[in-house]
$ cat data-v9.cif   # mmCIF, C-alpha atoms and all ligand atoms
data_coords
loop_
_atom_site.label_atom_id
_atom_site.label_comp_id
_atom_site.auth_asym_id
_atom_site.auth_seq_id
_atom_site.Cartn_x
_atom_site.Cartn_y
_atom_site.Cartn_z
CA MET A 1 0.16 1.59 22.50
CA GLU A 2 1.95 4.51 20.83
CA GLN A 3 5.18 2.95 22.08
CA ILE A 4 4.43 -0.45 20.53
CA ILE A 5 3.41 1.14 17.25
CA SER A 6 6.59 3.19 17.01
CA GLU A 7 8.64 0.04 17.69
CA LYS A 8 6.77 -1.71 14.88
CA ILE A 9 7.34 1.23 12.54
CA LYS A 10 11.09 0.92 13.10
CA GLN A 11 10.86 -2.72 12.00
CA VAL A 12 8.73 -1.76 9.00
CA LYS A 13 11.42 0.73 7.96
CA LYS A 14 13.80 -2.21 7.81
CA GLY A 15 11.40 -3.92 5.43
CA ASP A 16 9.55 -6.16 7.89
CA GLN A 17 6.09 -6.88 6.46
CA ALA A 18 5.01 -8.98 9.42
CA ALA A 19 5.42 -5.93 11.65
CA TYR A 20 3.38 -3.91 9.19
CA SER A 21 0.54 -6.39 9.30
CA LEU A 22 0.21 -5.66 13.05
CA VAL A 23 0.13 -1.93 12.31
CA VAL A 24 -2.57 -2.37 9.65
CA ASN A 25 -4.58 -4.56 11.97
CA PHE A 26 -4.41 -1.97 14.72
CA TYR A 27 -5.58 0.96 12.54
CA GLN A 28 -7.81 -0.80 10.00
CA ASP A 29 -11.16 -0.03 11.66
CA ARG A 30 -10.35 3.63 12.25
CA ILE A 31 -9.02 4.25 8.76
CA TYR A 32 -11.75 2.29 7.01
CA GLN A 33 -14.38 4.12 9.03
CA HIS A 34 -12.79 7.46 8.25
CA CYS A 35 -12.84 6.69 4.53
CA TYR A 36 -16.42 5.47 4.74
CA ARG A 37 -17.53 8.66 6.43
CA MET A 38 -15.69 10.78 3.90
CA LEU A 39 -16.98 8.86 0.88
CA GLY A 40 -20.37 7.58 2.07
CA ASN A 41 -19.85 4.34 0.18
CA LYS A 42 -18.49 1.02 1.45
CA HIS A 43 -16.84 -0.20 -1.73
CA GLU A 44 -14.96 3.02 -2.28
CA ALA A 45 -14.09 3.16 1.40
CA GLU A 46 -12.47 -0.27 1.29
CA ASP A 47 -10.60 0.59 -1.87
CA ILE A 48 -9.25 3.89 -0.58
CA ALA A 49 -8.46 2.60 2.92
CA GLN A 50 -6.35 -0.18 1.41
CA GLU A 51 -4.64 2.30 -0.88
CA ALA A 52 -3.83 4.48 2.15
CA PHE A 53 -2.09 1.60 3.95
CA ILE A 54 -0.18 0.61 0.81
CA ARG A 55 1.00 4.19 0.24
CA ALA A 56 2.06 4.52 3.85
CA TYR A 57 4.14 1.36 3.49
CA ILE A 58 5.79 2.43 0.26
CA ASN A 59 6.62 5.87 1.65
CA ILE A 60 7.56 4.75 5.15
CA ASP A 61 11.08 6.15 4.74
CA SER A 62 9.67 9.65 4.50
CA PHE A 63 7.77 9.27 7.79
CA ASP A 64 9.46 11.25 10.54
CA GLU A 65 9.55 9.05 13.64
CA LYS A 66 9.38 12.05 15.93
CA ARG A 67 5.81 12.59 14.80
CA LYS A 68 2.70 10.55 15.45
CA PHE A 69 2.17 7.75 12.98
CA SER A 70 -1.62 7.97 13.26
CA THR A 71 -1.57 11.64 12.20
CA TRP A 72 0.52 10.78 9.17
CA LEU A 73 -1.72 7.85 8.23
CA TYR A 74 -4.87 9.95 8.56
CA ARG A 75 -3.32 12.58 6.34
CA ILE A 76 -2.67 10.05 3.58
CA ALA A 77 -6.18 8.61 3.90
CA THR A 78 -7.86 12.04 3.94
CA ASN A 79 -5.96 13.23 0.88
CA LEU A 80 -6.88 10.07 -1.01
CA THR A 81 -10.57 10.44 -0.17
CA ILE A 82 -10.57 14.08 -1.27
CA ASP A 83 -8.86 13.09 -4.54
CA ARG A 84 -11.47 10.42 -5.08
CA ILE A 85 -14.31 12.85 -4.46
CA ARG A 86 -12.81 15.30 -6.96
CA LYS A 87 -12.45 12.60 -9.60
CA ARG A 88 -16.05 11.49 -9.43
CA LYS A 89 -17.81 12.06 -12.70
CA PRO A 90 -20.28 14.92 -12.49
CA ASP A 91 -23.20 12.60 -13.28
CA TYR A 92 -22.23 10.39 -10.38
CA TYR A 93 -21.78 13.29 -8.06
CA LEU A 94 -24.08 12.61 -5.18
CA ASP A 95 -24.65 16.21 -4.28
CA ALA A 96 -25.85 17.01 -7.76
CA GLU A 97 -29.42 18.13 -7.98
CA ILE A 98 -31.56 16.64 -10.68
CA THR A 99 -33.77 19.13 -12.47
CA GLY A 100 -37.42 18.90 -11.68
CA THR A 101 -37.06 17.01 -8.42
CA GLU A 102 -37.06 20.10 -6.26
CA GLY A 103 -34.06 19.69 -4.04
CA LEU A 104 -33.96 15.92 -4.07
CA THR A 105 -30.37 14.96 -4.57
CA MET A 106 -29.32 11.93 -6.47
CA TYR A 107 -28.16 10.41 -3.22
CA SER A 108 -31.56 10.50 -1.64
CA GLN A 109 -33.09 9.09 -4.80
CA LEU A 110 -30.63 6.27 -4.86
CA SER A 111 -31.06 5.51 -1.23
CA SER A 112 -34.83 5.56 -1.27
CA SER A 113 -35.23 3.52 -4.44
CA ASP A 114 -32.31 1.16 -4.20
CA PRO A 115 -30.88 0.72 -0.73
CA LEU A 116 -28.03 -1.74 -0.39
CA PRO A 117 -29.52 -4.63 1.63
CA SER A 118 -26.45 -5.13 3.82
CA GLU A 119 -26.28 -1.47 4.80
CA GLU A 120 -29.93 -1.41 5.67
CA VAL A 121 -29.60 -4.27 8.12
CA GLU A 122 -26.46 -2.91 9.71
CA SER A 123 -27.43 0.66 10.48
CA SER A 124 -30.43 2.19 12.07
CA GLU A 125 -32.41 4.75 10.11
CA LEU A 126 -31.19 7.66 12.21
CA ASN A 127 -27.60 6.54 11.99
CA ARG A 128 -27.82 6.27 8.24
CA TYR A 129 -29.43 9.66 8.04
CA ILE A 130 -26.67 11.29 10.08
CA HIS A 131 -23.95 9.69 7.96
CA GLN A 132 -25.71 10.83 4.86
CA GLU A 133 -25.98 14.42 6.07
CA ILE A 134 -22.28 14.44 6.94
CA SER A 135 -21.32 12.97 3.60
CA GLU A 136 -23.20 15.74 1.80
CA LEU A 137 -21.13 18.50 3.38
CA PRO A 138 -18.46 20.00 1.11
CA PRO A 139 -15.29 17.87 1.60
CA LYS A 140 -13.27 20.56 3.37
CA TYR A 141 -15.90 20.87 6.12
CA ARG A 142 -16.67 17.17 6.09
CA SER A 143 -13.12 16.08 6.88
CA ILE A 144 -12.90 18.46 9.83
CA ILE A 145 -16.28 17.53 11.32
CA ILE A 146 -15.43 13.83 11.03
CA LEU A 147 -11.97 14.21 12.54
CA ARG A 148 -13.26 16.38 15.38
CA TYR A 149 -16.49 14.69 16.41
CA LEU A 150 -16.26 11.13 15.18
CA GLU A 151 -12.56 10.51 15.59
CA GLU A 152 -12.03 12.96 18.43
CA PHE A 153 -8.82 14.66 17.36
CA SER A 154 -7.86 17.99 18.88
CA LEU A 155 -7.87 21.12 16.72
CA GLN A 156 -4.07 21.09 16.74
CA GLU A 157 -3.95 17.47 15.58
CA ILE A 158 -6.46 18.23 12.82
CA ALA A 159 -4.26 21.13 11.68
CA SER A 160 -1.32 18.76 11.31
CA ILE A 161 -3.35 15.99 9.65
CA LEU A 162 -4.70 18.40 7.04
CA ASP A 163 -1.55 20.50 6.92
CA ILE A 164 -3.45 23.77 7.28
CA PRO A 165 -3.13 26.57 9.87
CA ILE A 166 -5.12 26.14 13.06
CA GLY A 167 -7.02 29.37 12.29
CA THR A 168 -8.35 27.74 9.12
CA VAL A 169 -9.39 24.67 11.11
CA LYS A 170 -11.39 26.91 13.46
CA THR A 171 -13.12 28.79 10.64
CA ARG A 172 -14.03 25.58 8.86
CA ILE A 173 -15.27 23.82 11.95
CA HIS A 174 -17.57 26.78 12.71
CA ARG A 175 -19.00 26.70 9.19
CA GLY A 176 -19.28 22.92 9.26
CA ARG A 177 -21.21 23.00 12.54
CA GLU A 178 -23.56 25.65 11.19
CA ALA A 179 -24.14 23.73 7.96
CA LEU A 180 -24.95 20.57 9.89
CA ARG A 181 -27.16 22.44 12.33
CA LYS A 182 -29.36 23.49 9.42
CA ARG A 183 -29.50 19.93 8.15
CA LEU A 184 -30.08 18.21 11.47
CA ARG A 185 -32.15 20.61 13.54
CA HIS A 186 -35.45 18.97 12.67
CA VAL A 187 -34.36 15.45 13.61
CA MET B 1 -36.35 37.44 16.64
CA GLU B 2 -32.84 37.60 15.16
CA THR B 3 -29.77 35.90 16.55
CA HIS B 4 -26.73 37.99 17.46
CA LYS B 5 -23.65 37.45 15.33
CA GLU B 6 -21.10 38.21 18.01
CA ILE B 7 -22.84 35.78 20.38
CA ILE B 8 -22.75 33.02 17.76
CA ILE B 9 -18.98 33.55 17.49
CA LEU B 10 -18.78 33.07 21.26
CA MET B 11 -20.80 29.85 20.96
CA HIS B 12 -18.26 28.39 18.55
CA GLN B 13 -15.39 29.44 20.77
CA TYR B 14 -17.22 27.72 23.59
CA PHE B 15 -17.58 24.47 21.62
CA ASP B 16 -13.90 24.56 20.73
CA GLY B 17 -12.93 25.09 24.37
CA GLU B 18 -11.34 28.39 23.36
CA ILE B 19 -13.33 30.79 25.50
CA ASP B 20 -12.22 32.62 28.63
CA LYS B 21 -14.30 32.90 31.80
CA VAL B 22 -15.44 36.49 31.15
CA LYS B 23 -16.67 35.72 27.61
CA GLU B 24 -18.32 32.53 28.80
CA MET B 25 -20.24 34.50 31.39
CA GLU B 26 -21.25 36.99 28.70
CA LEU B 27 -22.46 34.14 26.47
CA PHE B 28 -24.64 32.48 29.10
CA THR B 29 -26.03 35.73 30.45
CA HIS B 30 -27.07 36.65 26.92
CA ILE B 31 -28.58 33.25 26.20
CA GLU B 32 -30.78 33.52 29.30
CA SER B 33 -32.41 36.67 28.00
CA CYS B 34 -32.38 36.10 24.20
CA GLY B 35 -34.69 33.39 22.85
CA ALA B 36 -33.24 33.33 19.32
CA CYS B 37 -29.68 32.81 20.54
CA ARG B 38 -30.83 30.26 23.12
CA ASN B 39 -32.55 28.32 20.36
CA HIS B 40 -29.48 28.50 18.13
CA PHE B 41 -27.23 27.30 20.95
CA GLY B 42 -29.59 24.39 21.64
CA GLU B 43 -29.57 23.35 17.99
CA LEU B 44 -25.77 23.41 17.81
CA LYS B 45 -25.55 21.33 20.96
CA GLN B 46 -28.02 18.81 19.63
CA THR B 47 -26.22 18.65 16.28
CA ILE B 48 -22.94 17.82 17.98
CA SER B 49 -24.46 15.11 20.12
CA LEU B 50 -26.23 13.64 17.08
CA ILE B 51 -22.97 13.46 15.13
CA GLN B 52 -21.24 11.88 18.09
CA SER B 53 -23.97 9.26 18.40
CA ALA B 54 -23.13 7.82 14.97
CA GLU B 55 -22.19 4.16 15.24
CA ASN B 56 -18.72 2.84 14.73
CA ILE B 57 -18.13 0.70 11.69
CA GLN B 58 -15.61 -2.08 11.34
CA ALA B 59 -13.34 -2.82 8.44
CA PRO B 60 -14.52 -5.78 6.35
CA SER B 61 -13.06 -9.15 7.32
CA GLY B 62 -9.79 -10.03 5.63
CA PHE B 63 -8.87 -6.36 5.27
CA THR B 64 -5.35 -6.65 6.72
CA ASN B 65 -4.47 -9.74 4.68
CA SER B 66 -5.69 -8.07 1.56
CA VAL B 67 -3.46 -5.01 2.20
CA ILE B 68 -0.40 -7.16 2.94
CA SER B 69 -0.91 -9.23 -0.21
CA LYS B 70 -0.84 -6.04 -2.30
CA LEU B 71 2.41 -4.67 -0.87
CA PRO B 72 5.48 -4.64 -3.07
CA LYS B 73 7.81 -7.56 -2.29
CA GLU B 74 10.19 -7.10 0.61
CA LYS B 75 13.31 -5.46 -0.68
CA LYS B 76 16.76 -5.54 0.74
CA ARG B 77 17.54 -1.99 1.51
CA ILE B 78 20.96 -0.71 0.72
CA LYS B 79 22.22 1.28 3.65
CA TYR B 80 24.87 2.88 1.50
CA LYS B 81 22.37 5.47 0.35
CA ARG B 82 21.36 6.40 3.89
CA LEU B 83 24.96 6.77 5.02
CA PHE B 84 25.32 9.60 2.55
CA GLN B 85 21.97 11.11 3.35
CA THR B 86 22.95 11.54 6.95
CA HIS B 87 26.46 12.73 6.15
CA PRO B 88 26.06 15.02 3.15
CA ILE B 89 28.70 14.94 0.46
CA LEU B 90 29.78 18.45 1.30
CA THR B 91 30.93 17.29 4.72
CA ALA B 92 32.84 14.49 3.05
CA ALA B 93 34.59 16.84 0.67
CA ALA B 94 35.53 19.23 3.47
CA ILE B 95 36.92 16.43 5.61
CA PHE B 96 38.84 15.05 2.69
CA PHE B 97 40.46 18.41 2.10
CA ILE B 98 41.48 18.85 5.73
CA LEU B 99 43.00 15.39 5.80
CA MET B 100 44.94 15.90 2.60
CA LEU B 101 46.47 19.00 4.14
CA SER B 102 47.29 17.35 7.41
CA GLY B 103 48.95 14.41 5.75
CA VAL B 104 47.03 11.67 7.54
CA PHE B 105 45.62 10.46 4.25
CA SER B 106 48.79 8.59 3.34
CA GLN B 107 48.14 6.18 6.20
CA TRP B 108 45.00 4.91 4.53
CA ASN B 109 46.50 3.18 1.55
CA GLN B 110 48.50 0.74 3.61
CA ASP B 111 46.05 -2.14 3.97
CA ASN B 112 44.29 -2.46 0.68
CA GLU B 113 44.36 -6.22 0.31
CA LEU B 114 41.23 -8.15 -0.58
CA VAL B 115 39.85 -10.06 2.39
CA VAL B 116 36.93 -12.53 2.13
CA SER B 117 35.32 -14.20 5.14
CA LYS B 118 35.00 -17.52 3.31
CA GLN B 119 36.65 -18.95 0.22
CA GLU B 120 35.21 -22.36 -0.72
CA ASN B 121 32.92 -22.46 -3.76
CA LEU B 122 33.63 -18.79 -4.49
CA ILE B 123 35.68 -17.54 -7.43
CA ILE B 124 38.08 -14.67 -6.93
CA LYS B 125 39.13 -12.73 -10.01
CA GLY B 126 41.38 -9.80 -9.26
CA ASP B 127 39.51 -7.80 -6.67
CA THR B 128 36.10 -9.26 -7.50
CA VAL B 129 34.48 -12.07 -5.52
CA ILE B 130 32.04 -14.13 -7.60
CA VAL B 131 29.32 -16.40 -6.27
CA PRO B 132 28.90 -18.88 -9.17
CA GLU B 133 25.54 -19.74 -10.60
CA ASN B 134 24.84 -23.03 -8.84
CA VAL B 135 26.31 -22.10 -5.47
CA VAL B 136 24.25 -21.37 -2.36
CA VAL B 137 26.15 -19.57 0.40
CA ASP B 138 24.21 -20.22 3.57
CA GLU B 139 26.31 -18.12 5.96
CA ASP B 140 27.18 -14.44 6.28
CA LEU B 141 29.71 -13.06 3.86
CA VAL B 142 32.13 -10.20 4.57
CA ILE B 143 34.24 -8.74 1.78
CA GLN B 144 36.87 -6.10 2.39
CA ASN B 145 38.56 -4.08 -0.37
CA GLY B 146 36.74 -5.90 -3.16
CA ASP B 147 33.56 -6.05 -5.24
CA LEU B 148 30.91 -8.74 -5.24
CA LEU B 149 29.13 -10.33 -8.20
CA VAL B 150 26.26 -12.64 -7.26
CA MET B 151 25.14 -15.22 -9.80
CA GLY B 152 24.13 -17.84 -7.27
CA VAL B 153 22.32 -17.35 -3.97
CA ILE B 154 23.47 -15.93 -0.64
CA ASP B 155 21.17 -16.76 2.26
CA GLY B 156 23.21 -14.94 4.91
CA ASP B 157 23.89 -11.22 5.36
CA VAL B 158 26.39 -9.52 3.12
CA THR B 159 28.76 -6.77 4.21
CA ILE B 160 30.99 -5.11 1.67
CA ILE B 161 33.65 -2.81 3.08
CA ASN B 162 35.34 -0.48 0.63
CA GLY B 163 33.81 -2.16 -2.39
CA LYS B 164 30.52 -2.51 -4.20
CA LEU B 165 27.90 -4.90 -5.49
CA ILE B 166 28.39 -5.14 -9.25
CA ASN B 167 26.00 -6.22 -11.97
CA GLU B 168 28.38 -7.58 -14.59
CA LYS B 169 32.02 -8.24 -15.31
CA PRO B 170 33.85 -9.49 -18.38
CA ILE B 171 35.76 -12.65 -17.44
CA ASN B 172 37.81 -14.66 -19.94
CA GLY B 173 36.11 -12.83 -22.78
CA LYS B 174 32.65 -13.68 -21.47
CA LEU B 175 30.36 -11.17 -19.85
CA MET B 176 29.22 -12.52 -16.49
CA ALA B 177 25.95 -10.95 -15.33
CA SER B 178 24.44 -10.86 -11.89
CA ALA B 179 21.33 -13.02 -11.84
CA GLY B 180 21.46 -14.27 -8.29
CA GLU B 181 20.01 -12.98 -5.08
CA VAL B 182 20.96 -11.94 -1.57
CA ASN B 183 18.34 -13.07 0.93
CA GLY B 184 19.97 -11.56 4.00
CA GLU B 185 20.60 -7.94 4.80
CA LEU B 186 22.99 -6.16 2.42
CA GLN B 187 25.30 -3.55 3.86
CA ILE B 188 27.89 -1.59 1.94
CA VAL B 189 30.30 0.45 3.99
CA ASP B 190 32.54 2.93 2.33
CA ARG B 191 35.40 2.37 4.64
CA VAL B 192 37.45 5.28 3.41
CA PHE B 193 34.64 7.50 4.45
CA GLU B 194 34.13 6.05 7.90
CA TRP B 195 37.83 5.93 8.44
CA LEU B 196 38.10 9.61 7.46
CA TRP B 197 35.30 10.46 9.80
CA PHE B 198 37.07 8.72 12.61
CA GLN B 199 40.31 10.53 11.84
CA VAL B 200 38.67 13.90 11.66
CA LYS B 201 37.09 13.50 15.09
CA GLY B 202 40.54 12.81 16.48
CA LEU B 203 41.94 15.77 14.64
CA PHE B 204 39.35 18.16 16.01
CA LYS B 205 39.86 16.84 19.49
CA SER B 206 43.60 17.48 19.36
CA VAL B 207 43.08 20.93 17.86
CA PHE B 208 40.72 21.86 20.65
CA SER B 209 42.81 20.46 23.44
CA PHE B 210 45.79 22.25 21.96
CA SER B 211 44.05 25.63 21.94
CA ALA B 212 42.66 25.03 25.41
CA GLY B 213 46.04 24.08 26.78
ZN ZN C 1 -29.25 37.02 20.96
#

$ encode --input "data-v9.cif" --output "structure tokens"
Amino acid sequence: MEQIISEKIKQVKKGDQAAYSLVVNFYQDRIYQHCYRMLGNKHEAEDIAQEAFIRAYINIDSFDEKRKFSTWLYRIATNLTIDRIRKRKPDYYLDAEITGTEGLTMYSQLSSSDPLPSEEVESSELNRYIHQEISELPPKYRSIIILRYLEEFSLQEIASILDIPIGTVKTRIHRGREALRKRLRHV
Amino acid sequence: METHKEIIILMHQYFDGEIDKVKEMELFTHIESCGACRNHFGELKQTISLIQSAENIQAPSGFTNSVISKLPKEKKRIKYKRLFQTHPILTAAAIFFILMLSGVFSQWNQDNELVVSKQENLIIKGDTVIVPENVVVDEDLVIQNGDLLVMGVIDGDVTIINGKLINEKPINGKLMASAGEVNGELQIVDRVFEWLWFQVKGLFKSVFSFSAG
């Protein structure tokens, strides 16, 4: 598959949009899912995933064909999700605690009082709970946990997706695992 | 009972597959005898398998089409730019200098005549080839030693050797502006440059064979 993709990328570099549509089709589920897990919201995930593919197309000339396209694409998508998280208004920030509710975050209030009907049908309770716990991790741990355990990249690949030293990846994955352990140990 | 910090570090090395046999033995021996660490290890293991059990989600239907519809329109890329990116200008200047010294440069100027691969319906003014407004050229066009001004449409590929695509030109007191389009691939080759490159390779070869002999 890598071989076919890199052939397609060569055609995309020549401006072939039909070839790009095959590339998008091949990666759409993985990238959309990655954005959803990072953002915890389907509308934002769709928005950002599309943006990632559009940016990759526009900047295709700067992609080095000796490297893996998927790594490059994940990097664009991850950076966009982190930007989006940073730009969220404080009052929409899902991790924000509301005074007087004793540790209830806005997210859990939203999800208990006003669940989106489609999401409720699609996911089991446990599955939703796990996604929610992951999406409440600080973004720098969240991205690593998602890439490692849900998208099964190696530590080395994660280092090149996030453009950070492998030592940093290790430190963050340790902290991420510990943070999740505290959240999930009573499941 | 408290967990042991150094053992927890070993646990994480274990989960990352970054532990050697000796340390692994140390980890599991310790876990057998220490309840707190055993409990901690169990929780980490369970956490990982819980995360991994999360369901896969699919992109909404119509995702790919929606992305493609938002892409900027397909553009004809001008390879001219890339030619210089791969052969930096410094190289060009150096080669130029060598050739000036060695006298081969004078050979270049000999065939400087404008050559066009087709003539009908096209206007030629001096060294400029013009595709008039209402003309559609449906085949490939090659222009050598001249510029091209497109006011009509070219459906084929365009190659310009030792010339350029120009936007406007004053003709008979009127300013003619490019408003047409090239639908095929556009390639501009600076022939002087490629020719120099070719010459320089020959030059180096003879220098080396000379010193070797
Ligand atoms: Zn212990």

$ residues_near_ligand --input "data-v9.cif" --ligand "ligand ZN 1 (chain C)" --cutoff "12 Å" --atoms "all atoms listed in the file" --output "NGL selection string"
:B and (1-11 or 26-41)

$ interface_residues --input "data-v9.cif" --of "chain A" --to "chain B" --cutoff "9 Å" --atoms "all atoms listed in the file" --output "mmCIF file with C-alpha atoms, in the frame of the given file"
data_model
loop_
_atom_site.group_PDB
_atom_site.id
_atom_site.type_symbol
_atom_site.label_atom_id
_atom_site.label_comp_id
_atom_site.auth_asym_id
_atom_site.auth_seq_id
_atom_site.Cartn_x
_atom_site.Cartn_y
_atom_site.Cartn_z
ATOM 1 C CA LYS A 14 13.800 -2.210 7.810
ATOM 2 C CA GLY A 15 11.400 -3.920 5.430
ATOM 3 C CA ASP A 16 9.550 -6.160 7.890
ATOM 4 C CA GLN A 17 6.090 -6.880 6.460
ATOM 5 C CA ALA A 18 5.010 -8.980 9.420
ATOM 6 C CA TYR A 20 3.380 -3.910 9.190
ATOM 7 C CA SER A 21 0.540 -6.390 9.300
ATOM 8 C CA LEU A 22 0.210 -5.660 13.050
ATOM 9 C CA VAL A 24 -2.570 -2.370 9.650
ATOM 10 C CA ASN A 25 -4.580 -4.560 11.970
ATOM 11 C CA GLN A 28 -7.810 -0.800 10.000
ATOM 12 C CA ASP A 29 -11.160 -0.030 11.660
ATOM 13 C CA ARG A 30 -10.350 3.630 12.250
ATOM 14 C CA ILE A 31 -9.020 4.250 8.760
ATOM 15 C CA TYR A 32 -11.750 2.290 7.010
ATOM 16 C CA GLN A 33 -14.380 4.120 9.030
ATOM 17 C CA TYR A 36 -16.420 5.470 4.740
ATOM 18 C CA GLU A 46 -12.470 -0.270 1.290
ATOM 19 C CA GLN A 50 -6.350 -0.180 1.410
ATOM 20 C CA GLU A 51 -4.640 2.300 -0.880
ATOM 21 C CA PHE A 53 -2.090 1.600 3.950
ATOM 22 C CA ILE A 54 -0.180 0.610 0.810
ATOM 23 C CA TYR A 57 4.140 1.360 3.490
ATOM 24 C CA ILE A 58 5.790 2.430 0.260
ATOM 25 C CA SER A 123 -27.430 0.660 10.480
ATOM 26 C CA LEU A 126 -31.190 7.660 12.210
ATOM 27 C CA ASN A 127 -27.600 6.540 11.990
ATOM 28 C CA ARG A 128 -27.820 6.270 8.240
ATOM 29 C CA ILE A 130 -26.670 11.290 10.080
ATOM 30 C CA HIS A 131 -23.950 9.690 7.960
ATOM 31 C CA ILE A 134 -22.280 14.440 6.940
ATOM 32 C CA ILE A 145 -16.280 17.530 11.320
ATOM 33 C CA ILE A 146 -15.430 13.830 11.030
ATOM 34 C CA TYR A 149 -16.490 14.690 16.410
ATOM 35 C CA LEU A 150 -16.260 11.130 15.180
ATOM 36 C CA LEU A 155 -7.870 21.120 16.720
ATOM 37 C CA LYS A 170 -11.390 26.910 13.460
ATOM 38 C CA ILE A 173 -15.270 23.820 11.950
ATOM 39 C CA HIS A 174 -17.570 26.780 12.710
ATOM 40 C CA ARG A 177 -21.210 23.000 12.540
ATOM 41 C CA GLU A 178 -23.560 25.650 11.190
ATOM 42 C CA LEU A 180 -24.950 20.570 9.890
ATOM 43 C CA ARG A 181 -27.160 22.440 12.330
ATOM 44 C CA LYS A 182 -29.360 23.490 9.420
ATOM 45 C CA ARG A 183 -29.500 19.930 8.150
ATOM 46 C CA LEU A 184 -30.080 18.210 11.470
ATOM 47 C CA ARG A 185 -32.150 20.610 13.540
#

$ residues_around --input "data-v9.cif" --residues "range 111-122 of chain B" --least-positions-apart "3" --cutoff "9 Å" --atoms "all atoms listed in the file" --output "MDAnalysis selection string"
chainID B and resid 107:108 126:132 135:137 140:146

$ atom_distance --input "data-v9.cif" --atom1 "CA of Lys13 in chain A" --atom2 "CA of Ile60 in chain A"
6.2 Å

$ residues_around --input "data-v9.cif" --residues "Gly40 in chain A" --least-positions-apart "3" --cutoff "9 Å" --atoms "all atoms listed in the file" --output "PyMOL selection string"
chain A and resi 35-37+44-45+131-132+134-136

$ write_last_selection --input "data-v9.cif" --atoms "C-alpha atoms" --output "PDB file, in the frame of the given file"
ATOM      1  CA  CYS A  35     -12.840   6.690   4.530  1.00  0.00           C
ATOM      2  CA  TYR A  36     -16.420   5.470   4.740  1.00  0.00           C
ATOM      3  CA  ARG A  37     -17.530   8.660   6.430  1.00  0.00           C
ATOM      4  CA  GLU A  44     -14.960   3.020  -2.280  1.00  0.00           C
ATOM      5  CA  ALA A  45     -14.090   3.160   1.400  1.00  0.00           C
ATOM      6  CA  HIS A 131     -23.950   9.690   7.960  1.00  0.00           C
ATOM      7  CA  GLN A 132     -25.710  10.830   4.860  1.00  0.00           C
ATOM      8  CA  ILE A 134     -22.280  14.440   6.940  1.00  0.00           C
ATOM      9  CA  SER A 135     -21.320  12.970   3.600  1.00  0.00           C
ATOM     10  CA  GLU A 136     -23.200  15.740   1.800  1.00  0.00           C
TER      11      GLU A 136
END

$ closest_residue --input "data-v9.cif" --among "A:Ile166, A:Leu39, A:Arg55, A:Ile76" --to "Ser154 in chain A" --atoms "all atoms listed in the file"
A:Ile166

$ atom_distance --input "data-v9.cif" --atom1 "CA of Gly184 in chain B" --atom2 "CA of Glu139 in chain B"
9.3 Å

$ atom_distance --input "data-v9.cif" --atom1 "CA of Lys66 in chain A" --atom2 "CA of Glu7 in chain A"
12.2 Å

$ residues_around --input "data-v9.cif" --residues "Ile161 in chain A" --least-positions-apart "6" --cutoff "9 Å" --atoms "all atoms listed in the file" --output "ChimeraX atom specification"
/A:70-76,78

$ axis_aligned_box --input "data-v9.cif" --around "range 140-146 of chain B" --padding-each-side "5 Å" --output "lines of an AutoDock Vina configuration file"
center_x = 32.9
center_y = -9.3
center_z = 1.6
size_x = 21.4
size_y = 20.4
size_z = 19.4

$ closest_residue --input "data-v9.cif" --among "A:Asp47, A:Glu125, A:Asp163, A:Glu151" --to "Thr81 in chain A" --atoms "only C-alpha atoms"
A:Asp47
